>>> print(open('upload-v2.pdb').read())   # PDB, C-alpha atoms
ATOM      1  CA  MET Q  71      26.739  11.350  11.640
ATOM      2  CA  SER Q  72      27.441  13.101   8.334
ATOM      3  CA  SER Q  73      30.708  14.804   7.365
ATOM      4  CA  THR Q  74      29.200  18.158   8.379
ATOM      5  CA  GLY Q  75      28.470  16.911  11.869
ATOM      6  CA  PHE Q  76      24.703  16.929  11.355
ATOM      7  CA  SER Q  77      22.483  13.944  10.921
ATOM      8  CA  PHE Q  78      18.774  13.471  10.866
ATOM      9  CA  SER Q  79      16.939  10.674  12.565
ATOM     10  CA  PRO Q  80      14.881   8.393  10.318
ATOM     11  CA  CYS Q  81      11.760   9.963  11.825
ATOM     12  CA  ALA Q  82      12.973  13.468  10.927
ATOM     13  CA  VAL Q  83      13.757  12.346   7.375
ATOM     14  CA  ALA Q  84      10.274  10.827   7.050
ATOM     15  CA  ARG Q  85       8.725  14.101   8.244
ATOM     16  CA  LEU Q  86      10.805  16.108   5.772
ATOM     17  CA  LYS Q  87       9.677  13.819   2.955
ATOM     18  CA  LEU Q  88       6.062  14.255   4.054
ATOM     19  CA  LEU Q  89       6.462  18.040   4.086
ATOM     20  CA  GLY Q  90       7.995  17.866   0.617
ATOM     21  CA  CYS Q  91       5.071  15.826  -0.698
ATOM     22  CA  LEU Q  92       2.545  18.183   0.909
ATOM     23  CA  ALA Q  93       4.399  21.174  -0.546
ATOM     24  CA  LEU Q  94       4.520  19.726  -4.060
ATOM     25  CA  VAL Q  95       0.835  18.851  -4.101
ATOM     26  CA  GLY Q  96       0.034  22.134  -2.338
ATOM     27  CA  VAL Q  97       1.651  24.144  -5.137
ATOM     28  CA  VAL Q  98      -0.572  22.385  -7.661
ATOM     29  CA  ALA Q  99      -3.606  23.119  -5.479
ATOM     30  CA  MET Q 100      -2.702  26.788  -5.129
ATOM     31  CA  VAL Q 101      -2.148  27.248  -8.857
ATOM     32  CA  GLY Q 102      -5.490  25.586  -9.575
ATOM     33  CA  GLY Q 103      -7.263  27.712  -7.005
ATOM     34  CA  ALA Q 104      -5.655  30.930  -8.213
ATOM     35  CA  VAL Q 105      -6.805  30.283 -11.784
ATOM     36  CA  THR Q 106     -10.234  28.964 -10.822
ATOM     37  CA  ALA Q 107     -11.428  31.553  -8.273
ATOM     38  CA  PRO Q 108     -11.610  34.565 -10.607
ATOM     39  CA  ALA Q 109     -13.293  32.553 -13.370
ATOM     40  CA  ILE Q 110     -16.206  31.336 -11.230
ATOM     41  CA  PRO Q 111     -18.212  34.571 -11.042
ATOM     42  CA  ALA Q 112     -16.887  35.912 -14.343
ATOM     43  CA  TRP Q 113     -17.424  32.877 -16.575
ATOM     44  CA  TYR Q 114     -18.336  29.598 -14.871
ATOM     45  CA  GLN Q 115     -21.568  30.899 -13.325
ATOM     46  CA  GLY Q 116     -22.896  31.675 -16.806
ATOM     47  CA  LEU Q 117     -22.360  28.173 -18.154
ATOM     48  CA  HIS Q 118     -25.184  25.676 -18.471
ATOM     49  CA  LYS Q 119     -24.380  22.852 -16.067
ATOM     50  CA  PRO Q 120     -25.977  19.457 -15.417
ATOM     51  CA  ALA Q 121     -28.375  18.890 -12.536
ATOM     52  CA  TRP Q 122     -25.763  16.802 -10.701
ATOM     53  CA  THR Q 123     -23.374  19.757 -10.333
ATOM     54  CA  PRO Q 124     -22.576  20.272  -6.645
ATOM     55  CA  PRO Q 125     -22.647  23.729  -5.087
ATOM     56  CA  ASN Q 126     -19.482  25.744  -5.685
ATOM     57  CA  ALA Q 127     -18.593  25.503  -1.978
ATOM     58  CA  ALA Q 128     -18.196  21.709  -2.284
ATOM     59  CA  PHE Q 129     -15.261  21.890  -4.678
ATOM     60  CA  PRO Q 130     -12.608  23.430  -2.403
ATOM     61  CA  ILE Q 131     -13.605  21.096   0.428
ATOM     62  CA  ALA Q 132     -13.395  18.006  -1.773
ATOM     63  CA  TRP Q 133     -10.148  19.084  -3.412
ATOM     64  CA  THR Q 134      -8.463  19.923  -0.109
ATOM     65  CA  ILE Q 135      -9.191  16.426   1.173
ATOM     66  CA  LEU Q 136      -8.104  14.841  -2.107
ATOM     67  CA  TYR Q 137      -4.845  16.786  -2.289
ATOM     68  CA  ILE Q 138      -3.968  15.695   1.246
ATOM     69  CA  LEU Q 139      -4.695  12.068   0.326
ATOM     70  CA  MET Q 140      -2.577  12.435  -2.815
ATOM     71  CA  ALA Q 141       0.365  13.814  -0.840
ATOM     72  CA  LEU Q 142       0.082  10.954   1.654
ATOM     73  CA  SER Q 143       0.061   8.431  -1.177
ATOM     74  CA  LEU Q 144       3.184   9.924  -2.736
ATOM     75  CA  TRP Q 145       4.859  10.036   0.676
ATOM     76  CA  ARG Q 146       4.108   6.351   1.311
ATOM     77  CA  LEU Q 147       5.605   5.425  -2.067
ATOM     78  CA  TRP Q 148       8.708   7.476  -1.331
ATOM     79  CA  GLU Q 149       9.128   6.592   2.349
ATOM     80  CA  LYS Q 150       7.699   3.099   2.793
ATOM     81  CA  VAL Q 151       8.688   1.386  -0.473
ATOM     82  CA  ALA Q 152      12.279   0.353  -1.131
ATOM     83  CA  PRO Q 153      13.909   1.921  -4.192
ATOM     84  CA  SER Q 154      13.236  -0.162  -7.296
ATOM     85  CA  PRO Q 155      12.213   0.224 -10.922
ATOM     86  CA  ALA Q 156       8.599  -0.437  -9.861
ATOM     87  CA  ARG Q 157       8.742   2.381  -7.308
ATOM     88  CA  ARG Q 158      10.265   4.696  -9.922
ATOM     89  CA  THR Q 159       7.422   3.823 -12.295
ATOM     90  CA  ALA Q 160       4.757   4.378  -9.633
ATOM     91  CA  ILE Q 161       6.194   7.755  -8.638
ATOM     92  CA  GLY Q 162       6.628   8.703 -12.301
ATOM     93  CA  LEU Q 163       2.979   7.888 -13.005
ATOM     94  CA  PHE Q 164       1.964   9.829  -9.903
ATOM     95  CA  LEU Q 165       3.915  12.858 -11.120
ATOM     96  CA  GLY Q 166       2.414  12.453 -14.602
ATOM     97  CA  GLN Q 167      -1.122  12.536 -13.269
ATOM     98  CA  LEU Q 168      -0.189  15.474 -11.035
ATOM     99  CA  ALA Q 169       1.045  17.383 -14.097
ATOM    100  CA  LEU Q 170      -2.250  16.695 -15.892
ATOM    101  CA  ASN Q 171      -4.125  17.757 -12.765
ATOM    102  CA  ALA Q 172      -2.082  20.973 -12.709
ATOM    103  CA  ALA Q 173      -2.868  21.643 -16.385
ATOM    104  CA  TRP Q 174      -6.634  21.193 -16.127
ATOM    105  CA  SER Q 175      -7.617  24.366 -14.234
ATOM    106  CA  PRO Q 176      -5.515  26.742 -16.360
ATOM    107  CA  ILE Q 177      -6.980  25.163 -19.499
ATOM    108  CA  PHE Q 178     -10.617  24.812 -18.399
ATOM    109  CA  PHE Q 179     -10.924  27.973 -16.285
ATOM    110  CA  GLY Q 180      -7.971  30.101 -17.386
ATOM    111  CA  LEU Q 181      -8.420  29.646 -21.129
ATOM    112  CA  ARG Q 182     -12.149  28.946 -20.776
ATOM    113  CA  ALA Q 183     -11.688  25.878 -22.935
ATOM    114  CA  PRO Q 184     -14.005  23.069 -21.775
ATOM    115  CA  VAL Q 185     -13.255  20.855 -24.806
ATOM    116  CA  ALA Q 186      -9.506  20.979 -24.175
ATOM    117  CA  GLY Q 187     -10.239  20.521 -20.461
ATOM    118  CA  LEU Q 188     -12.201  17.381 -21.286
ATOM    119  CA  ALA Q 189      -9.260  15.973 -23.252
ATOM    120  CA  ILE Q 190      -6.956  16.644 -20.308
ATOM    121  CA  ILE Q 191      -9.279  15.164 -17.706
ATOM    122  CA  LEU Q 192      -9.758  12.006 -19.786
ATOM    123  CA  ALA Q 193      -5.971  11.641 -20.054
ATOM    124  CA  LEU Q 194      -5.793  12.293 -16.303
ATOM    125  CA  ILE Q 195      -8.184   9.406 -15.643
ATOM    126  CA  VAL Q 196      -6.006   7.024 -17.649
ATOM    127  CA  VAL Q 197      -2.704   8.075 -16.058
ATOM    128  CA  LEU Q 198      -4.261   8.203 -12.591
ATOM    129  CA  ALA Q 199      -5.693   4.687 -12.986
ATOM    130  CA  LEU Q 200      -2.232   3.458 -14.007
ATOM    131  CA  ALA Q 201      -0.660   5.291 -11.045
ATOM    132  CA  LEU Q 202      -3.227   3.792  -8.668
ATOM    133  CA  ARG Q 203      -2.577   0.288  -9.995
ATOM    134  CA  ALA Q 204       1.193   0.750  -9.705
ATOM    135  CA  ALA Q 205       0.836   2.124  -6.176
ATOM    136  CA  PHE Q 206      -1.438  -0.752  -5.081
ATOM    137  CA  ARG Q 207       1.154  -3.278  -6.252
ATOM    138  CA  LEU Q 208       3.799  -1.701  -4.039
ATOM    139  CA  ASP Q 209       1.863  -0.419  -1.026
ATOM    140  CA  ARG Q 210      -1.865  -1.067  -0.637
ATOM    141  CA  PRO Q 211      -2.433   2.002   1.557
ATOM    142  CA  ALA Q 212      -0.720   4.228  -1.044
ATOM    143  CA  GLY Q 213      -3.054   2.864  -3.711
ATOM    144  CA  GLY Q 214      -6.072   3.094  -1.438
ATOM    145  CA  LEU Q 215      -5.377   6.752  -0.776
ATOM    146  CA  LEU Q 216      -5.833   7.431  -4.505
ATOM    147  CA  VAL Q 217      -9.217   5.672  -4.838
ATOM    148  CA  PRO Q 218     -11.345   8.657  -3.713
ATOM    149  CA  TYR Q 219      -9.350  10.900  -6.044
ATOM    150  CA  LEU Q 220     -10.001   8.634  -9.037
ATOM    151  CA  ALA Q 221     -13.708   8.506  -8.160
ATOM    152  CA  TRP Q 222     -13.866  12.307  -7.922
ATOM    153  CA  VAL Q 223     -11.977  12.819 -11.192
ATOM    154  CA  CYS Q 224     -14.351  10.414 -12.956
ATOM    155  CA  TYR Q 225     -17.285  12.394 -11.531
ATOM    156  CA  ALA Q 226     -15.639  15.700 -12.494
ATOM    157  CA  SER Q 227     -15.144  14.391 -16.015
ATOM    158  CA  THR Q 228     -18.910  13.881 -16.334
ATOM    159  CA  LEU Q 229     -19.413  17.512 -15.286
ATOM    160  CA  ASN Q 230     -16.818  18.654 -17.808
ATOM    161  CA  ALA Q 231     -18.402  16.551 -20.573
ATOM    162  CA  ALA Q 232     -21.882  17.838 -19.750
ATOM    163  CA  ILE Q 233     -20.647  21.436 -19.877
ATOM    164  CA  VAL Q 234     -19.172  20.732 -23.323
ATOM    165  CA  LEU Q 235     -22.495  19.281 -24.502
ATOM    166  CA  LEU Q 236     -24.726  21.944 -22.912
ATOM    167  CA  ASN Q 237     -22.822  25.029 -24.010
TER     168      ASN Q 237
END
>>> encode(input="upload-v2.pdb", output="structure tokens")
Amino acid sequence: MSSTGFSFSPCAVARLKLLGCLALVGVVAMVGGAVTAPAIPAWYQGLHKPAWTPPNAAFPIAWTILYILMALSLWRLWEKVAPSPARRTAIGLFLGQLALNAAWSPIFFGLRAPVAGLAIILALIVVLALALRAAFRLDRPAGGLLVPYLAWVCYASTLNAAIVLLN
């Protein structure tokens, strides 16, 4: 029991950490969505895009799934891995890739800057690959949860690069 008379069970603490991870990643998702949605009919629709571009409806579905997986990965690193310099590095890399993820939509859609967006997404791939590797070393499920995200970001980078080349 704490000095205030309240204490949380380990299960309650784990749930609070999970909610925190979902909230953090959710804020990034909401910012991205808020910047992206108005730009789709106003700007994005008019861009020349490659034949492998999925329908617009696929993006929010894919990203919702990926953001949930990302939050679960961060939660596993925070909850299941003992504090250590390696855990600090893995979480730091995760937060670094999340910051790059958060920057991409405002740059690409908000500023309508596909070239700058391409630079960000390429940096995102590098930091995300490092985060995935660091996570795998500490907790295989945490690393595994990031694999679909890395695959999608690599795919998205080809769309971004094609838009740069076609427009």
>>> closest_residue(input="upload-v2.pdb", among="Q:Trp113, Q:Trp148, Q:Trp174, Q:Tyr225", to="Leu208 of chain Q", atoms="only C-alpha atoms")
Q:Trp148
>>> closest_residue(input="upload-v2.pdb", among="Q:Ala201, Q:Ile190, Q:Ala93, Q:Leu147", to="Ala172 of chain Q", atoms="all atoms listed in the file")
Q:Ile190
>>> residues_around(input="upload-v2.pdb", residues="Thr106 of chain Q", least_positions_apart="4", cutoff="7 Å", atoms="all atoms listed in the file", output="VMD selection string")
chain Q and resid 102 110 175 179
>>> closest_residue(input="upload-v2.pdb", among="Q:Val101, Q:Leu229, Q:Ala84, Q:Ala169", to="Pro184 of chain Q", atoms="all atoms listed in the file")
Q:Leu229
>>> resolve_selection(input="upload-v2.pdb", expression="the PyMOL selection byres ((chain Q and resi 228) around 10)", output="ChimeraX atom specification")
/Q:120,122-123,188,191-192,222-227,229-234
>>> closest_residue(input="upload-v2.pdb", among="Q:Leu144, Q:Ala173, Q:Ala205, Q:Ala221", to="Leu94 of chain Q", atoms="only C-alpha atoms")
Q:Leu144
>>> residues_around(input="upload-v2.pdb", residues="Ala109 of chain Q", least_positions_apart="6", cutoff="9 Å", atoms="all atoms listed in the file", output="VMD selection string")
chain Q and resid 115 179 to 180 182
>>> atom_distance(input="upload-v2.pdb", atom1="atom CA of Ser143 of chain Q", atom2="atom CA of Ala186 of chain Q")
27.9 Å
>>> resolve_selection(input="upload-v2.pdb", expression="the PyMOL selection byres ((chain Q and resi 196) around 12)", output="short mmCIF file (atom, residue, chain, number, x, y, z; two decimals) with C-alpha atoms, keeping the file's coordinate frame")
data_model
loop_
_atom_site.label_atom_id
_atom_site.label_comp_id
_atom_site.auth_asym_id
_atom_site.auth_seq_id
_atom_site.Cartn_x
_atom_site.Cartn_y
_atom_site.Cartn_z
CA LEU Q 163 2.98 7.89 -13.00
CA PHE Q 164 1.96 9.83 -9.90
CA GLY Q 166 2.41 12.45 -14.60
CA GLN Q 167 -1.12 12.54 -13.27
CA LEU Q 170 -2.25 16.70 -15.89
CA ASN Q 171 -4.12 17.76 -12.76
CA ALA Q 189 -9.26 15.97 -23.25
CA ILE Q 190 -6.96 16.64 -20.31
CA ILE Q 191 -9.28 15.16 -17.71
CA LEU Q 192 -9.76 12.01 -19.79
CA ALA Q 193 -5.97 11.64 -20.05
CA LEU Q 194 -5.79 12.29 -16.30
CA ILE Q 195 -8.18 9.41 -15.64
CA VAL Q 197 -2.70 8.07 -16.06
CA LEU Q 198 -4.26 8.20 -12.59
CA ALA Q 199 -5.69 4.69 -12.99
CA LEU Q 200 -2.23 3.46 -14.01
CA ALA Q 201 -0.66 5.29 -11.04
CA LEU Q 202 -3.23 3.79 -8.67
CA ARG Q 203 -2.58 0.29 -9.99
CA LEU Q 220 -10.00 8.63 -9.04
CA VAL Q 223 -11.98 12.82 -11.19
CA CYS Q 224 -14.35 10.41 -12.96
CA SER Q 227 -15.14 14.39 -16.02
#
>>> atom_distance(input="upload-v2.pdb", atom1="atom CA of Gly213 of chain Q", atom2="atom CA of Val105 of chain Q")
28.8 Å
>>> closest_residue(input="upload-v2.pdb", among="Q:Ala160, Q:Arg210, Q:Tyr114, Q:Pro130", to="Leu181 of chain Q", atoms="all atoms listed in the file")
Q:Tyr114
>>> decode(input="upload-v2.pdb", residues="segment 173-203 of chain Q", atoms="N, CA and C atoms", output="mmCIF file, in the first residue's frame")
data_model
loop_
_atom_site.group_PDB
_atom_site.id
_atom_site.type_symbol
_atom_site.label_atom_id
_atom_site.label_comp_id
_atom_site.auth_asym_id
_atom_site.auth_seq_id
_atom_site.Cartn_x
_atom_site.Cartn_y
_atom_site.Cartn_z
ATOM 1 N N ALA Q 173 5.432 13.310 -38.191
ATOM 2 C CA ALA Q 173 5.823 14.424 -39.063
ATOM 3 C C ALA Q 173 5.411 14.214 -40.514
ATOM 4 N N TRP Q 174 5.279 12.960 -40.944
ATOM 5 C CA TRP Q 174 5.069 12.697 -42.364
ATOM 6 C C TRP Q 174 3.774 13.308 -42.904
ATOM 7 N N SER Q 175 2.652 13.061 -42.288
ATOM 8 C CA SER Q 175 1.373 13.573 -42.815
ATOM 9 C C SER Q 175 1.335 15.097 -42.884
ATOM 10 N N PRO Q 176 1.752 15.812 -41.828
ATOM 11 C CA PRO Q 176 1.754 17.273 -41.950
ATOM 12 C C PRO Q 176 2.674 17.789 -43.055
ATOM 13 N N ILE Q 177 3.765 17.077 -43.309
ATOM 14 C CA ILE Q 177 4.677 17.497 -44.377
ATOM 15 C C ILE Q 177 4.095 17.130 -45.743
ATOM 16 N N PHE Q 178 3.777 15.855 -45.941
ATOM 17 C CA PHE Q 178 3.296 15.385 -47.239
ATOM 18 C C PHE Q 178 1.945 16.006 -47.587
ATOM 19 N N PHE Q 179 0.963 15.863 -46.699
ATOM 20 C CA PHE Q 179 -0.388 16.343 -46.983
ATOM 21 C C PHE Q 179 -0.593 17.805 -46.586
ATOM 22 N N GLY Q 180 -0.129 18.177 -45.392
ATOM 23 C CA GLY Q 180 -0.361 19.534 -44.913
ATOM 24 C C GLY Q 180 0.375 20.576 -45.729
ATOM 25 N N LEU Q 181 1.665 20.340 -45.957
ATOM 26 C CA LEU Q 181 2.465 21.277 -46.754
ATOM 27 C C LEU Q 181 2.455 20.936 -48.240
ATOM 28 N N ARG Q 182 1.864 19.794 -48.566
ATOM 29 C CA ARG Q 182 1.821 19.321 -49.961
ATOM 30 C C ARG Q 182 3.234 19.262 -50.531
ATOM 31 N N ALA Q 183 4.080 18.575 -49.777
ATOM 32 C CA ALA Q 183 5.509 18.509 -50.102
ATOM 33 C C ALA Q 183 5.952 17.051 -50.219
ATOM 34 N N PRO Q 184 5.671 16.405 -51.356
ATOM 35 C CA PRO Q 184 6.048 14.994 -51.503
ATOM 36 C C PRO Q 184 7.549 14.729 -51.413
ATOM 37 N N VAL Q 185 8.388 15.647 -51.873
ATOM 38 C CA VAL Q 185 9.841 15.421 -51.802
ATOM 39 C C VAL Q 185 10.291 15.397 -50.341
ATOM 40 N N ALA Q 186 9.848 16.362 -49.569
ATOM 41 C CA ALA Q 186 10.188 16.375 -48.137
ATOM 42 C C ALA Q 186 9.565 15.162 -47.444
ATOM 43 N N GLY Q 187 8.357 14.784 -47.857
ATOM 44 C CA GLY Q 187 7.721 13.590 -47.304
ATOM 45 C C GLY Q 187 8.551 12.348 -47.578
ATOM 46 N N LEU Q 188 9.116 12.275 -48.786
ATOM 47 C CA LEU Q 188 9.958 11.130 -49.131
ATOM 48 C C LEU Q 188 11.194 11.071 -48.234
ATOM 49 N N ALA Q 189 11.803 12.217 -47.975
ATOM 50 C CA ALA Q 189 12.970 12.238 -47.082
ATOM 51 C C ALA Q 189 12.586 11.744 -45.690
ATOM 52 N N ILE Q 190 11.436 12.161 -45.212
ATOM 53 C CA ILE Q 190 10.990 11.741 -43.879
ATOM 54 C C ILE Q 190 10.688 10.252 -43.851
ATOM 55 N N ILE Q 191 9.999 9.760 -44.874
ATOM 56 C CA ILE Q 191 9.622 8.342 -44.843
ATOM 57 C C ILE Q 191 10.850 7.443 -44.987
ATOM 58 N N LEU Q 192 11.861 7.894 -45.712
ATOM 59 C CA LEU Q 192 13.096 7.105 -45.805
ATOM 60 C C LEU Q 192 13.822 7.080 -44.454
ATOM 61 N N ALA Q 193 13.841 8.221 -43.763
ATOM 62 C CA ALA Q 193 14.412 8.248 -42.412
ATOM 63 C C ALA Q 193 13.587 7.372 -41.472
ATOM 64 N N LEU Q 194 12.268 7.392 -41.643
ATOM 65 C CA LEU Q 194 11.383 6.555 -40.834
ATOM 66 C C LEU Q 194 11.721 5.081 -41.016
ATOM 67 N N ILE Q 195 11.962 4.657 -42.244
ATOM 68 C CA ILE Q 195 12.309 3.256 -42.493
ATOM 69 C C ILE Q 195 13.570 2.865 -41.717
ATOM 70 N N VAL Q 196 14.566 3.718 -41.755
ATOM 71 C CA VAL Q 196 15.828 3.422 -41.067
ATOM 72 C C VAL Q 196 15.618 3.324 -39.553
ATOM 73 N N VAL Q 197 14.971 4.329 -38.970
ATOM 74 C CA VAL Q 197 14.773 4.338 -37.519
ATOM 75 C C VAL Q 197 13.845 3.206 -37.100
ATOM 76 N N LEU Q 198 12.809 2.952 -37.901
ATOM 77 C CA LEU Q 198 11.893 1.856 -37.593
ATOM 78 C C LEU Q 198 12.603 0.501 -37.654
ATOM 79 N N ALA Q 199 13.460 0.303 -38.646
ATOM 80 C CA ALA Q 199 14.205 -0.960 -38.730
ATOM 81 C C ALA Q 199 15.107 -1.131 -37.507
ATOM 82 N N LEU Q 200 15.733 -0.043 -37.062
ATOM 83 C CA LEU Q 200 16.556 -0.110 -35.851
ATOM 84 C C LEU Q 200 15.699 -0.393 -34.626
ATOM 85 N N ALA Q 201 14.524 0.230 -34.547
ATOM 86 C CA ALA Q 201 13.610 -0.009 -33.419
ATOM 87 C C ALA Q 201 13.137 -1.454 -33.414
ATOM 88 N N LEU Q 202 12.809 -1.974 -34.578
ATOM 89 C CA LEU Q 202 12.354 -3.368 -34.692
ATOM 90 C C LEU Q 202 13.456 -4.321 -34.232
ATOM 91 N N ARG Q 203 14.673 -4.080 -34.689
ATOM 92 C CA ARG Q 203 15.797 -4.933 -34.293
ATOM 93 C C ARG Q 203 16.025 -4.877 -32.783
#
